[in-house]
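Since the structure comes first, as structure tokens, the remarks are kept for the end.
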Amino acid sequence: AASGMDAQQTRLDVTANNVANVHTAGFKRSSAVQQDVRGGGTRIASTPRDVSQGPLETATNAFDLAIDGPGLFRVRTPEGVRYTRAGVFGLDGSGEVVTPQGHRLEPPVRVPAGAAAFEVAPDGRILAIGPDGAATEAGRISLVRFANDQGLAIEGRNLFGPSPSAGAPQAGFPGAGPFGRLVTGMLEGSNTDLATETIEQIRAHRSFQIQRQTFRAADDMLGTLLDIRK
């Protein structure tokens with residue numbers, strides 16, 4: 001009963017995190033896989049991440065990007081290169097493409113200061129539009145893939161870190177080969193389904209209550225036995 005209560009608490013924590021990130025761009029939900037332990041109750045064997053694509057939603061930022069298909073953005077953080085599906089980008093004071101936290105794209109892309117506007121093509125090319133209307137390629141966004149995306153380490157802030165179980169990153173340009181294309185003015189939404197998570201929370205909560213009642217019944221029986229021995 002005690003192990004069951006612990007397992008259900010983990011399930012509740014996982015679903016609560018999914019619900020909390022239902023509006024987080026590029027978020028990937030997790031689930032708790034429960035396993036019986038012979039003679040020892042039950043435990044959570046793993047919390048696999050669902051890497052399926054979330055819905056594409058209209059964004060307001062001109063540099064917001066969604067990946068329609070496989071692939072991850074690379075960003076440079078103080079801890080090194082990290083990976084994300086959240087294409088929430090903007091320009092810093094020097095014209096570099098960065099995340100809201102100031103992490104720049106890897107490899108770096110800079111829009112010239114004299115550009116009157118810019119465009120991002122589906123293949124990742126960033127076109128700077130000059131005052132005369134002429135377009136110049138300012139850089140190109142590349143993506144990466146892994147043999148096992150689920151093996152990437154979850155580091156918070158919607159970032160994934162490298163992991164031996166994920167394999168080595170394979171780089172390529174959007175729309176080329178196995179990589180998805182870029183969609184400008186859109187963001188990939190969370191792949192969390194609120195109705196599914198609500199049902200899962202109810203099931204975990206009910207199971208927790210049953211395990212708690214079993215635990216209390218066993219405790220009462222033990223107390224009765226001790227009283228008899230006295």
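Each chain in the structure tokens gets a letter, A, B and so on, in the order shown; residues start at 1 in every chain, and ligands are counted from 1 in the order they appear.
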Every residue of range 1-139 of chain A that DSSP places in strand (DSSP E or B), as a PyMOL selection string: chain A and resi 30+33-37+41-46+49+56-58+65-68+72-77+80-84+90-91+96-98+104-105+110+117-120+125-129+135-139
With DSSP run on the backbone, what are the helix (DSSP H, G or I) residues within range 9-161 of chain A? I'd like them as a VMD selection string. chain A and resid 9 to 20 149 to 151
For N, CA, C and O atoms, I'd like the residues from the last selection saved as a CSV table (one decimal), in the first residue's frame.
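This is the output file out.csv:
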chain,number,residue,atom,x,y,z
A,9,GLN,N,1.5,9.2,-6.2
A,9,GLN,CA,2.0,10.6,-6.0
A,9,GLN,C,2.9,11.0,-7.2
A,9,GLN,O,2.8,12.1,-7.6
A,10,THR,N,3.7,10.1,-7.6
A,10,THR,CA,4.6,10.4,-8.8
A,10,THR,C,3.7,10.7,-10.0
A,10,THR,O,4.0,11.6,-10.8
A,11,ARG,N,2.7,9.8,-10.2
A,11,ARG,CA,1.8,10.0,-11.4
A,11,ARG,C,1.1,11.4,-11.3
A,11,ARG,O,1.0,12.1,-12.3
A,12,LEU,N,0.7,11.8,-10.1
A,12,LEU,CA,0.1,13.1,-9.9
A,12,LEU,C,1.1,14.2,-10.2
A,12,LEU,O,0.7,15.2,-10.8
A,13,ASP,N,2.3,14.1,-9.8
A,13,ASP,CA,3.3,15.1,-10.1
A,13,ASP,C,3.6,15.2,-11.6
A,13,ASP,O,3.7,16.3,-12.1
A,14,VAL,N,3.6,14.1,-12.3
A,14,VAL,CA,3.9,14.1,-13.7
A,14,VAL,C,2.7,14.8,-14.4
A,14,VAL,O,3.0,15.7,-15.3
A,15,THR,N,1.5,14.4,-14.1
A,15,THR,CA,0.4,15.0,-14.8
A,15,THR,C,0.2,16.5,-14.4
A,15,THR,O,-0.2,17.3,-15.3
A,16,ALA,N,0.5,16.9,-13.2
A,16,ALA,CA,0.5,18.3,-12.8
A,16,ALA,C,1.4,19.1,-13.6
A,16,ALA,O,1.1,20.2,-14.0
A,17,ASN,N,2.6,18.6,-13.8
A,17,ASN,CA,3.6,19.3,-14.6
A,17,ASN,C,3.1,19.4,-16.1
A,17,ASN,O,3.3,20.5,-16.7
A,18,ASN,N,2.5,18.4,-16.6
A,18,ASN,CA,1.9,18.5,-18.0
A,18,ASN,C,0.9,19.6,-18.1
A,18,ASN,O,0.9,20.4,-19.0
A,19,VAL,N,0.0,19.6,-17.1
A,19,VAL,CA,-1.1,20.6,-17.1
A,19,VAL,C,-0.5,22.0,-16.9
A,19,VAL,O,-0.9,23.0,-17.6
A,20,ALA,N,0.5,22.2,-16.1
A,20,ALA,CA,1.1,23.5,-15.9
A,20,ALA,C,1.8,24.0,-17.1
A,20,ALA,O,1.9,25.2,-17.3
A,149,ASP,N,15.2,10.7,-29.6
A,149,ASP,CA,14.9,12.0,-29.0
A,149,ASP,C,14.5,11.9,-27.6
A,149,ASP,O,14.7,12.8,-26.7
A,150,GLN,N,13.8,10.8,-27.2
A,150,GLN,CA,13.4,10.6,-25.8
A,150,GLN,C,14.6,10.4,-24.9
A,150,GLN,O,14.4,10.6,-23.7
A,151,GLY,N,15.7,10.1,-25.4
A,151,GLY,CA,16.9,10.0,-24.5
A,151,GLY,C,17.5,11.3,-24.1
A,151,GLY,O,18.4,11.3,-23.2
Between CA of Phe118 in chain A and CA of Leu187 in chain A, what distance in Å does the model show, to one decimal?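 Computing it gives 18.0 Å between the two atoms.
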